[in-house]
file my_file.pdb (PDB, C-alpha atoms, pLDDT in the B column)
ATOM      1  CA  MET A  28     -20.452   5.619   2.017  1.00 85.00           C
ATOM      2  CA  LEU A  29     -20.748   2.980  -0.700  1.00 88.00           C
ATOM      3  CA  GLY A  30     -21.034   4.006  -4.335  1.00 89.00           C
ATOM      4  CA  GLU A  31     -23.438   2.423  -6.790  1.00 95.00           C
ATOM      5  CA  GLU A  32     -22.959  -1.213  -7.765  1.00 96.00           C
ATOM      6  CA  VAL A  33     -20.301  -1.974  -5.141  1.00 95.00           C
ATOM      7  CA  GLU A  34     -19.910  -5.727  -4.777  1.00 96.00           C
ATOM      8  CA  VAL A  35     -19.008  -6.952  -1.273  1.00 96.00           C
ATOM      9  CA  PHE A  36     -18.203 -10.638  -0.869  1.00 97.00           C
ATOM     10  CA  PRO A  37     -18.971 -12.665   2.276  1.00 96.00           C
ATOM     11  CA  LYS A  38     -17.096 -11.989   5.503  1.00 97.00           C
ATOM     12  CA  ALA A  39     -15.534  -8.741   4.299  1.00 96.00           C
ATOM     13  CA  VAL A  40     -15.268  -6.191   7.124  1.00 95.00           C
ATOM     14  CA  LEU A  41     -16.058  -2.613   6.151  1.00 96.00           C
ATOM     15  CA  GLY A  42     -15.345   0.063   8.754  1.00 92.00           C
ATOM     16  CA  ARG A  43     -13.086  -1.562  11.324  1.00 92.00           C
ATOM     17  CA  HIS A  44     -11.772   0.602  14.152  1.00 86.00           C
ATOM     18  CA  PRO A  45      -7.988   0.759  14.477  1.00 80.00           C
ATOM     19  CA  SER A  46      -6.903  -0.855  17.728  1.00 73.00           C
ATOM     20  CA  GLY A  47      -3.431  -1.589  18.969  1.00 64.00           C
ATOM     21  CA  ALA A  48      -4.420  -3.348  22.187  1.00 58.00           C
ATOM     22  CA  GLY A  49      -1.986  -1.069  23.991  1.00 58.00           C
ATOM     23  CA  ALA A  50       0.926  -2.275  21.868  1.00 54.00           C
ATOM     24  CA  THR A  51       1.012   0.575  19.373  1.00 56.00           C
ATOM     25  CA  ALA A  52       2.545   4.023  19.800  1.00 50.00           C
ATOM     26  CA  ARG A  53       0.233   5.595  17.193  1.00 54.00           C
ATOM     27  CA  PRO A  54      -2.810   7.145  18.814  1.00 57.00           C
ATOM     28  CA  SER A  55      -6.013   6.494  16.905  1.00 58.00           C
ATOM     29  CA  SER A  56      -7.777   9.606  15.674  1.00 59.00           C
ATOM     30  CA  THR A  57      -9.703   8.076  12.798  1.00 56.00           C
ATOM     31  CA  GLU A  58     -13.190   9.326  12.075  1.00 68.00           C
ATOM     32  CA  GLN A  59     -15.911   6.803  11.445  1.00 84.00           C
ATOM     33  CA  THR A  60     -16.023   7.446   7.715  1.00 92.00           C
ATOM     34  CA  LEU A  61     -15.389   5.105   4.836  1.00 96.00           C
ATOM     35  CA  SER A  62     -15.794   5.884   1.153  1.00 97.00           C
ATOM     36  CA  ILE A  63     -15.850   3.184  -1.529  1.00 97.00           C
ATOM     37  CA  GLY A  64     -16.443   4.400  -5.077  1.00 97.00           C
ATOM     38  CA  ALA A  65     -18.950   3.114  -7.611  1.00 98.00           C
ATOM     39  CA  GLY A  66     -18.225  -0.170  -9.340  1.00 97.00           C
ATOM     40  CA  CYS A  67     -15.736  -1.482  -6.764  1.00 98.00           C
ATOM     41  CA  SER A  68     -15.445  -5.124  -5.755  1.00 98.00           C
ATOM     42  CA  ILE A  69     -14.421  -6.049  -2.208  1.00 98.00           C
ATOM     43  CA  GLY A  70     -13.214  -9.647  -1.827  1.00 98.00           C
ATOM     44  CA  ALA A  71     -14.123 -12.192   0.806  1.00 98.00           C
ATOM     45  CA  HIS A  72     -12.401 -11.673   4.172  1.00 98.00           C
ATOM     46  CA  ALA A  73     -10.979  -8.282   3.143  1.00 98.00           C
ATOM     47  CA  THR A  74     -10.748  -5.800   6.036  1.00 98.00           C
ATOM     48  CA  ILE A  75     -11.076  -2.094   5.335  1.00 97.00           C
ATOM     49  CA  TYR A  76     -10.664   0.264   8.288  1.00 96.00           C
ATOM     50  CA  TYR A  77     -12.518   3.492   8.941  1.00 95.00           C
ATOM     51  CA  GLY A  78     -10.791   6.519   7.447  1.00 95.00           C
ATOM     52  CA  VAL A  79     -10.178   4.903   4.035  1.00 97.00           C
ATOM     53  CA  THR A  80     -11.142   6.272   0.609  1.00 98.00           C
ATOM     54  CA  ILE A  81     -11.242   3.972  -2.430  1.00 98.00           C
ATOM     55  CA  GLY A  82     -11.794   5.330  -5.945  1.00 98.00           C
ATOM     56  CA  GLU A  83     -14.300   3.933  -8.413  1.00 98.00           C
ATOM     57  CA  ASP A  84     -13.853   0.659 -10.313  1.00 98.00           C
ATOM     58  CA  THR A  85     -11.189  -0.647  -7.919  1.00 98.00           C
ATOM     59  CA  LEU A  86     -10.798  -4.295  -6.971  1.00 98.00           C
ATOM     60  CA  VAL A  87      -9.811  -5.253  -3.422  1.00 98.00           C
ATOM     61  CA  GLY A  88      -8.870  -8.938  -3.332  1.00 98.00           C
ATOM     62  CA  ASP A  89      -9.740 -11.655  -0.868  1.00 98.00           C
ATOM     63  CA  GLY A  90      -8.031 -11.266   2.497  1.00 98.00           C
ATOM     64  CA  ALA A  91      -6.603  -7.800   1.794  1.00 98.00           C
ATOM     65  CA  SER A  92      -6.149  -5.414   4.732  1.00 98.00           C
ATOM     66  CA  ILE A  93      -6.409  -1.661   4.199  1.00 98.00           C
ATOM     67  CA  ARG A  94      -5.580   0.481   7.241  1.00 96.00           C
ATOM     68  CA  GLU A  95      -6.832   3.904   8.314  1.00 95.00           C
ATOM     69  CA  GLY A  96      -5.795   6.921   6.276  1.00 95.00           C
ATOM     70  CA  ALA A  97      -5.305   4.978   3.031  1.00 97.00           C
ATOM     71  CA  ARG A  98      -6.330   6.768  -0.153  1.00 98.00           C
ATOM     72  CA  ILE A  99      -6.616   4.548  -3.233  1.00 98.00           C
ATOM     73  CA  GLY A 100      -7.228   5.926  -6.713  1.00 98.00           C
ATOM     74  CA  ARG A 101      -9.545   4.766  -9.481  1.00 98.00           C
ATOM     75  CA  ARG A 102      -9.256   1.544 -11.470  1.00 98.00           C
ATOM     76  CA  CYS A 103      -6.721  -0.016  -9.100  1.00 98.00           C
ATOM     77  CA  ILE A 104      -6.121  -3.643  -8.189  1.00 98.00           C
ATOM     78  CA  ILE A 105      -5.229  -4.364  -4.571  1.00 98.00           C
ATOM     79  CA  SER A 106      -4.879  -8.111  -4.910  1.00 98.00           C
ATOM     80  CA  ARG A 107      -5.257 -11.087  -2.557  1.00 98.00           C
ATOM     81  CA  CYS A 108      -3.709 -10.862   0.909  1.00 98.00           C
ATOM     82  CA  VAL A 109      -2.137  -7.444   0.266  1.00 98.00           C
ATOM     83  CA  THR A 110      -1.599  -5.251   3.320  1.00 98.00           C
ATOM     84  CA  LEU A 111      -1.746  -1.490   2.997  1.00 98.00           C
ATOM     85  CA  ASN A 112      -0.622   0.002   6.280  1.00 96.00           C
ATOM     86  CA  TYR A 113      -1.778   3.401   7.615  1.00 94.00           C
ATOM     87  CA  ASP A 114      -1.733   6.636   5.553  1.00 95.00           C
ATOM     88  CA  VAL A 115      -0.822   5.049   2.204  1.00 98.00           C
ATOM     89  CA  LEU A 116      -1.525   7.146  -0.910  1.00 98.00           C
ATOM     90  CA  ILE A 117      -2.048   5.263  -4.171  1.00 98.00           C
ATOM     91  CA  GLY A 118      -2.671   6.931  -7.543  1.00 98.00           C
ATOM     92  CA  ASP A 119      -4.981   5.819 -10.345  1.00 98.00           C
ATOM     93  CA  ASP A 120      -4.478   2.605 -12.368  1.00 98.00           C
ATOM     94  CA  VAL A 121      -2.062   1.047  -9.849  1.00 98.00           C
ATOM     95  CA  LYS A 122      -1.709  -2.730  -9.448  1.00 98.00           C
ATOM     96  CA  VAL A 123      -0.440  -4.223  -6.183  1.00 98.00           C
ATOM     97  CA  MET A 124      -0.297  -8.002  -6.497  1.00 98.00           C
ATOM     98  CA  ASP A 125      -0.694 -10.935  -4.061  1.00 98.00           C
ATOM     99  CA  ASN A 126       0.992 -11.102  -0.654  1.00 98.00           C
ATOM    100  CA  THR A 127       2.653  -7.691  -0.862  1.00 98.00           C
ATOM    101  CA  HIS A 128       3.121  -5.364   2.133  1.00 98.00           C
ATOM    102  CA  ILE A 129       2.920  -1.602   1.573  1.00 98.00           C
ATOM    103  CA  THR A 130       4.273   0.097   4.704  1.00 97.00           C
ATOM    104  CA  GLY A 131       2.763   3.096   6.461  1.00 95.00           C
ATOM    105  CA  GLY A 132       3.103   6.458   4.760  1.00 96.00           C
ATOM    106  CA  MET A 133       4.033   5.197   1.293  1.00 98.00           C
ATOM    107  CA  VAL A 134       3.117   7.123  -1.850  1.00 98.00           C
ATOM    108  CA  ILE A 135       2.634   5.221  -5.121  1.00 98.00           C
ATOM    109  CA  GLY A 136       2.241   7.134  -8.388  1.00 98.00           C
ATOM    110  CA  ASP A 137      -0.291   6.610 -11.170  1.00 98.00           C
ATOM    111  CA  GLY A 138       0.107   3.474 -13.269  1.00 98.00           C
ATOM    112  CA  ALA A 139       2.725   1.801 -11.062  1.00 98.00           C
ATOM    113  CA  PHE A 140       2.901  -2.005 -10.956  1.00 98.00           C
ATOM    114  CA  ILE A 141       4.013  -3.827  -7.806  1.00 98.00           C
ATOM    115  CA  SER A 142       4.351  -7.568  -8.224  1.00 98.00           C
ATOM    116  CA  VAL A 143       3.836 -10.437  -5.771  1.00 98.00           C
ATOM    117  CA  GLN A 144       5.554 -10.739  -2.387  1.00 98.00           C
ATOM    118  CA  VAL A 145       7.145  -7.300  -2.425  1.00 98.00           C
ATOM    119  CA  GLY A 146       8.192  -6.048   1.012  1.00 98.00           C
ATOM    120  CA  THR A 147       8.505  -2.416   2.051  1.00 98.00           C
ATOM    121  CA  THR A 148       9.764  -0.910   5.310  1.00 96.00           C
ATOM    122  CA  ASN A 149       9.707   2.542   6.900  1.00 94.00           C
ATOM    123  CA  ASP A 150      11.783   2.188  10.076  1.00 91.00           C
ATOM    124  CA  ASN A 151      15.570   1.821  10.348  1.00 83.00           C
ATOM    125  CA  ALA A 152      15.421   1.700  14.162  1.00 81.00           C
ATOM    126  CA  PRO A 153      12.550  -0.680  14.942  1.00 79.00           C
ATOM    127  CA  THR A 154      13.686  -1.382  18.518  1.00 80.00           C
ATOM    128  CA  ALA A 155      14.193   2.276  19.465  1.00 78.00           C
ATOM    129  CA  PRO A 156      11.762   3.781  21.965  1.00 73.00           C
ATOM    130  CA  ALA A 157       8.632   5.279  20.427  1.00 65.00           C
ATOM    131  CA  ASP A 158       8.947   8.940  19.490  1.00 59.00           C
ATOM    132  CA  ASP A 159       6.926  11.456  17.496  1.00 57.00           C
ATOM    133  CA  GLY A 160       7.285   9.354  14.348  1.00 58.00           C
ATOM    134  CA  GLN A 161       9.828  11.599  12.665  1.00 66.00           C
ATOM    135  CA  ARG A 162      12.351   8.784  12.245  1.00 75.00           C
ATOM    136  CA  LEU A 163       9.924   6.886   9.983  1.00 87.00           C
ATOM    137  CA  ALA A 164      10.559   7.310   6.252  1.00 93.00           C
ATOM    138  CA  ALA A 165       8.434   5.325   3.833  1.00 96.00           C
ATOM    139  CA  PRO A 166       9.558   4.499   0.300  1.00 98.00           C
ATOM    140  CA  VAL A 167       8.038   6.394  -2.631  1.00 98.00           C
ATOM    141  CA  ILE A 168       7.235   4.710  -5.953  1.00 98.00           C
ATOM    142  CA  GLY A 169       6.951   7.000  -8.979  1.00 98.00           C
ATOM    143  CA  ALA A 170       4.386   6.911 -11.757  1.00 98.00           C
ATOM    144  CA  ARG A 171       4.548   3.902 -14.099  1.00 98.00           C
ATOM    145  CA  ALA A 172       7.397   2.299 -12.127  1.00 98.00           C
ATOM    146  CA  VAL A 173       7.585  -1.500 -11.965  1.00 98.00           C
ATOM    147  CA  VAL A 174       8.663  -3.379  -8.842  1.00 98.00           C
ATOM    148  CA  ALA A 175       9.104  -7.065  -9.671  1.00 98.00           C
ATOM    149  CA  ALA A 176       8.413 -10.168  -7.581  1.00 98.00           C
ATOM    150  CA  GLY A 177      10.047 -10.491  -4.199  1.00 98.00           C
ATOM    151  CA  ALA A 178      11.811  -7.117  -4.210  1.00 98.00           C
ATOM    152  CA  THR A 179      12.456  -5.313  -0.909  1.00 98.00           C
ATOM    153  CA  LEU A 180      12.371  -1.523  -0.560  1.00 98.00           C
ATOM    154  CA  LEU A 181      14.138  -0.107   2.504  1.00 97.00           C
ATOM    155  CA  PRO A 182      13.074   3.056   4.378  1.00 96.00           C
ATOM    156  CA  GLY A 183      13.065   6.341   2.492  1.00 96.00           C
ATOM    157  CA  VAL A 184      14.109   5.107  -0.940  1.00 98.00           C
ATOM    158  CA  VAL A 185      12.559   6.802  -3.960  1.00 98.00           C
ATOM    159  CA  ILE A 186      11.832   4.738  -7.058  1.00 98.00           C
ATOM    160  CA  GLY A 187      11.724   7.214  -9.943  1.00 98.00           C
ATOM    161  CA  GLU A 188       9.069   7.391 -12.653  1.00 98.00           C
ATOM    162  CA  ASP A 189       9.276   4.632 -15.272  1.00 98.00           C
ATOM    163  CA  ALA A 190      12.001   2.834 -13.273  1.00 98.00           C
ATOM    164  CA  VAL A 191      12.203  -0.959 -12.984  1.00 98.00           C
ATOM    165  CA  VAL A 192      13.235  -2.868  -9.864  1.00 98.00           C
ATOM    166  CA  ALA A 193      14.170  -6.451 -10.808  1.00 98.00           C
ATOM    167  CA  ALA A 194      12.841  -9.529  -9.039  1.00 98.00           C
ATOM    168  CA  GLY A 195      14.468 -10.164  -5.673  1.00 98.00           C
ATOM    169  CA  ALA A 196      16.348  -6.846  -5.615  1.00 98.00           C
ATOM    170  CA  VAL A 197      17.022  -5.147  -2.278  1.00 98.00           C
ATOM    171  CA  VAL A 198      16.748  -1.402  -2.822  1.00 98.00           C
ATOM    172  CA  THR A 199      18.914   0.523  -0.340  1.00 97.00           C
ATOM    173  CA  ARG A 200      19.148   3.860  -2.190  1.00 97.00           C
ATOM    174  CA  ASP A 201      17.149   5.939  -4.650  1.00 98.00           C
ATOM    175  CA  VAL A 202      16.506   4.643  -8.169  1.00 98.00           C
ATOM    176  CA  PRO A 203      16.653   7.291 -10.920  1.00 98.00           C
ATOM    177  CA  SER A 204      13.691   7.750 -13.251  1.00 98.00           C
ATOM    178  CA  GLY A 205      13.842   5.338 -16.181  1.00 98.00           C
ATOM    179  CA  ALA A 206      16.616   3.213 -14.635  1.00 98.00           C
ATOM    180  CA  THR A 207      16.615  -0.556 -14.119  1.00 98.00           C
ATOM    181  CA  VAL A 208      18.143  -1.876 -10.906  1.00 98.00           C
ATOM    182  CA  MET A 209      18.875  -5.430  -9.803  1.00 98.00           C
ATOM    183  CA  GLY A 210      20.832  -7.319  -7.187  1.00 98.00           C
ATOM    184  CA  THR A 211      21.533  -7.135  -3.465  1.00 96.00           C
ATOM    185  CA  PRO A 212      22.054  -4.310  -2.906  1.00 97.00           C
ATOM    186  CA  ALA A 213      20.286  -3.090  -6.035  1.00 97.00           C
ATOM    187  CA  ARG A 214      22.498  -1.355  -8.592  1.00 97.00           C
ATOM    188  CA  VAL A 215      21.703   0.309 -11.912  1.00 96.00           C
ATOM    189  CA  ARG A 216      22.183  -2.021 -14.872  1.00 91.00           C
TER
END
call {"tool": "encode", "arguments": {"input": "my_file.pdb", "output": "structure tokens"}}
result
Amino acid sequence: MLGEEVEVFPKAVLGRHPSGAGATARPSSTEQTLSIGAGCSIGAHATIYYGVTIGEDTLVGDGASIREGARIGRRCIISRCVTLNYDVLIGDDVKVMDNTHITGGMVIGDGAFISVQVGTTNDNAPTAPADDGQRLAAPVIGARAVVAAGATLLPGVVIGEDAVVAAGAVVTRDVPSGATVMGTPARVR
């Protein structure tokens, strides 16, 4: 379902089926539904899978990939070449900038800002045999938090509301609300 005045640029793919070519342990159970709110703009070569909901007045940049189960709020920017993996929940007024990877299962609060080339992970045992998925733990980013350029968030960390993660920081443990962390590993400053 496309809302009114949705702009779709050339070669964007709307409604792709998830397929792992036998290489993925996640069974696909996605319905063939897709909802893009009024006033959205979908960039050239963006790929949006079935099972995605995008709120009104949201921009999806060129080459972005949005996987099944993603829920994106209103007035968001999902910039160029951003990947949102499966089951990501993004609040309203969130900005995710160029070349950033948001791992499966992440939750991002209203008004958060995630800069360029941020990496997130949800698996501390990537070579372990596939199981029921209970070992996966995605990071959580609180409302109005800022994650600066090139930061890395490891599995399960919680970035509190109004917190700041400095450029290039590697976050290995939770960041309290309102705190600023920097370094490798990231520490409160």
call {"tool": "resolve_selection", "arguments": {"input": "my_file.pdb", "expression": "the PyMOL selection byres ((chain A and resi 120) around 9)", "output": "tab-separated table (two decimals) with C-alpha atoms, in the coordinates of the input"}}
result
chain	number	residue	atom	x	y	z
A	85	THR	CA	-11.19	-0.65	-7.92
A	100	GLY	CA	-7.23	5.93	-6.71
A	101	ARG	CA	-9.54	4.77	-9.48
A	102	ARG	CA	-9.26	1.54	-11.47
A	103	CYS	CA	-6.72	-0.02	-9.10
A	104	ILE	CA	-6.12	-3.64	-8.19
A	117	ILE	CA	-2.05	5.26	-4.17
A	118	GLY	CA	-2.67	6.93	-7.54
A	119	ASP	CA	-4.98	5.82	-10.34
A	121	VAL	CA	-2.06	1.05	-9.85
A	122	LYS	CA	-1.71	-2.73	-9.45
A	137	ASP	CA	-0.29	6.61	-11.17
A	138	GLY	CA	0.11	3.47	-13.27
A	139	ALA	CA	2.72	1.80	-11.06
A	140	PHE	CA	2.90	-2.00	-10.96
call {"tool": "atom_distance", "arguments": {"input": "my_file.pdb", "atom1": "atom CA of A:Ala97", "atom2": "atom CA of A:Ile168"}}
result
15.4 Å
call {"tool": "atom_distance", "arguments": {"input": "my_file.pdb", "atom1": "atom CA of A:Gly42", "atom2": "atom CA of A:Thr60"}}
result
7.5 Å
call {"tool": "residues_around", "arguments": {"input": "my_file.pdb", "residues": "A:Gly132", "least_positions_apart": "5", "cutoff": "9 Å", "atoms": "all atoms listed in the file", "output": "ChimeraX atom specification"}}
result
/A:97,112-116,149,163-167
call {"tool": "residues_around", "arguments": {"input": "my_file.pdb", "residues": "A:Ser106", "least_positions_apart": "2", "cutoff": "12 Å", "atoms": "all atoms listed in the file", "output": "ChimeraX atom specification"}}
result
/A:68-71,73,85-93,103-104,108-111,121-128,140-144
call {"tool": "resolve_selection", "arguments": {"input": "my_file.pdb", "expression": "the PyMOL selection byres ((chain A and resi 75) around 9)", "output": "list in words"}}
result
Ala39, Val40, Leu41, Gly42, Arg43, Leu61, Ala73, Thr74, Tyr76, Tyr77, Gly78, Val79, Ala91, Ser92, Ile93, Arg94 and Glu95 of chain A
call {"tool": "atom_distance", "arguments": {"input": "my_file.pdb", "atom1": "atom CA of A:Gly131", "atom2": "atom CA of A:Pro45"}}
result
13.6 Å
call {"tool": "residues_around", "arguments": {"input": "my_file.pdb", "residues": "A:Arg162", "least_positions_apart": "5", "cutoff": "8 Å", "atoms": "only C-alpha atoms", "output": "PyMOL selection string"}}
result
chain A and resi 150-152
call {"tool": "resolve_selection", "arguments": {"input": "my_file.pdb", "expression": "the PyMOL selection byres ((chain A and resi 64) around 7)", "output": "list of chain:residue names"}}
result
A:Leu29, A:Gly30, A:Ser62, A:Ile63, A:Ala65, A:Gly66, A:Cys67, A:Ile81, A:Gly82, A:Glu83, A:Asp84
call {"tool": "residues_near_point", "arguments": {"input": "my_file.pdb", "point": "(12.3, -6.4, -5.8)", "cutoff": "8 Å", "atoms": "only C-alpha atoms", "output": "list in words"}}
result
Val145, Gly146, Val174, Ala175, Ala176, Gly177, Ala178, Thr179, Leu180, Val192, Ala193, Ala194, Gly195, Ala196, Val197, Val198 and Met209 of chain A
call {"tool": "closest_residue", "arguments": {"input": "my_file.pdb", "among": "A:Ile105, A:Val191, A:Ile186, A:Ala155", "to": "A:Gly169", "atoms": "only C-alpha atoms"}}
result
A:Ile186
call {"tool": "build_atoms", "arguments": {"input": "my_file.pdb", "residues": "stretch 80-114 of chain A", "atoms": "N, CA and C atoms", "output": "tab-separated table (two decimals), keeping the file's coordinate frame"}}
result
chain	number	residue	atom	x	y	z
A	80	THR	N	-10.43	5.85	1.82
A	80	THR	CA	-11.14	6.27	0.61
A	80	THR	C	-10.64	5.42	-0.55
A	81	ILE	N	-11.57	4.81	-1.28
A	81	ILE	CA	-11.24	3.97	-2.43
A	81	ILE	C	-11.96	4.53	-3.65
A	82	GLY	N	-11.23	4.78	-4.72
A	82	GLY	CA	-11.79	5.33	-5.94
A	82	GLY	C	-12.62	4.31	-6.70
A	83	GLU	N	-13.37	4.78	-7.65
A	83	GLU	CA	-14.30	3.93	-8.41
A	83	GLU	C	-13.57	2.86	-9.22
A	84	ASP	N	-14.31	1.77	-9.47
A	84	ASP	CA	-13.85	0.66	-10.31
A	84	ASP	C	-12.56	0.02	-9.83
A	85	THR	N	-12.38	-0.03	-8.52
A	85	THR	CA	-11.19	-0.65	-7.92
A	85	THR	C	-11.55	-2.01	-7.35
A	86	LEU	N	-10.64	-2.94	-7.51
A	86	LEU	CA	-10.80	-4.30	-6.97
A	86	LEU	C	-9.93	-4.45	-5.73
A	87	VAL	N	-10.54	-4.90	-4.64
A	87	VAL	CA	-9.81	-5.25	-3.42
A	87	VAL	C	-9.95	-6.76	-3.27
A	88	GLY	N	-8.84	-7.48	-3.31
A	88	GLY	CA	-8.87	-8.94	-3.33
A	88	GLY	C	-9.19	-9.57	-1.99
A	89	ASP	N	-9.44	-10.86	-2.06
A	89	ASP	CA	-9.74	-11.66	-0.87
A	89	ASP	C	-8.62	-11.52	0.15
A	90	GLY	N	-8.99	-11.29	1.41
A	90	GLY	CA	-8.03	-11.27	2.50
A	90	GLY	C	-7.16	-10.03	2.57
A	91	ALA	N	-7.40	-9.03	1.74
A	91	ALA	CA	-6.60	-7.80	1.79
A	91	ALA	C	-6.92	-7.04	3.08
A	92	SER	N	-5.96	-6.26	3.55
A	92	SER	CA	-6.15	-5.41	4.73
A	92	SER	C	-5.74	-4.00	4.37
A	93	ILE	N	-6.67	-3.06	4.55
A	93	ILE	CA	-6.41	-1.66	4.20
A	93	ILE	C	-6.63	-0.83	5.45
A	94	ARG	N	-5.55	-0.23	5.97
A	94	ARG	CA	-5.58	0.48	7.24
A	94	ARG	C	-6.03	1.92	7.08
A	95	GLU	N	-6.33	2.54	8.24
A	95	GLU	CA	-6.83	3.90	8.31
A	95	GLU	C	-5.91	4.88	7.59
A	96	GLY	N	-6.53	5.88	6.98
A	96	GLY	CA	-5.80	6.92	6.28
A	96	GLY	C	-5.41	6.58	4.86
A	97	ALA	N	-5.66	5.35	4.40
A	97	ALA	CA	-5.30	4.98	3.03
A	97	ALA	C	-6.21	5.70	2.04
A	98	ARG	N	-5.60	6.14	0.95
A	98	ARG	CA	-6.33	6.77	-0.15
A	98	ARG	C	-5.92	6.03	-1.41
A	99	ILE	N	-6.89	5.37	-2.05
A	99	ILE	CA	-6.62	4.55	-3.23
A	99	ILE	C	-7.34	5.18	-4.41
A	100	GLY	N	-6.66	5.31	-5.53
A	100	GLY	CA	-7.23	5.93	-6.71
A	100	GLY	C	-8.24	5.06	-7.43
A	101	ARG	N	-8.57	5.46	-8.64
A	101	ARG	CA	-9.54	4.77	-9.48
A	101	ARG	C	-8.88	3.66	-10.29
A	102	ARG	N	-9.67	2.64	-10.59
A	102	ARG	CA	-9.26	1.54	-11.47
A	102	ARG	C	-8.00	0.83	-10.98
A	103	CYS	N	-7.88	0.67	-9.68
A	103	CYS	CA	-6.72	-0.02	-9.10
A	103	CYS	C	-7.05	-1.48	-8.82
A	104	ILE	N	-6.00	-2.27	-8.68
A	104	ILE	CA	-6.12	-3.64	-8.19
A	104	ILE	C	-5.26	-3.75	-6.94
A	105	ILE	N	-5.90	-4.05	-5.83
A	105	ILE	CA	-5.23	-4.36	-4.57
A	105	ILE	C	-5.53	-5.84	-4.38
A	106	SER	N	-4.61	-6.69	-4.72
A	106	SER	CA	-4.88	-8.11	-4.91
A	106	SER	C	-5.00	-8.88	-3.59
A	107	ARG	N	-5.03	-10.20	-3.71
A	107	ARG	CA	-5.26	-11.09	-2.56
A	107	ARG	C	-4.16	-10.96	-1.51
A	108	CYS	N	-4.60	-10.86	-0.26
A	108	CYS	CA	-3.71	-10.86	0.91
A	108	CYS	C	-2.68	-9.74	0.89
A	109	VAL	N	-2.99	-8.63	0.24
A	109	VAL	CA	-2.14	-7.44	0.27
A	109	VAL	C	-2.43	-6.69	1.56
A	110	THR	N	-1.38	-6.15	2.18
A	110	THR	CA	-1.60	-5.25	3.32
A	110	THR	C	-1.15	-3.85	2.94
A	111	LEU	N	-2.06	-2.91	3.14
A	111	LEU	CA	-1.75	-1.49	3.00
A	111	LEU	C	-1.79	-0.93	4.40
A	112	ASN	N	-0.65	-0.52	4.93
A	112	ASN	CA	-0.62	0.00	6.28
A	112	ASN	C	-1.19	1.42	6.29
A	113	TYR	N	-1.14	2.10	7.42
A	113	TYR	CA	-1.78	3.40	7.62
A	113	TYR	C	-1.23	4.47	6.66
A	114	ASP	N	-2.10	5.42	6.29
A	114	ASP	CA	-1.73	6.64	5.55
A	114	ASP	C	-1.02	6.39	4.22
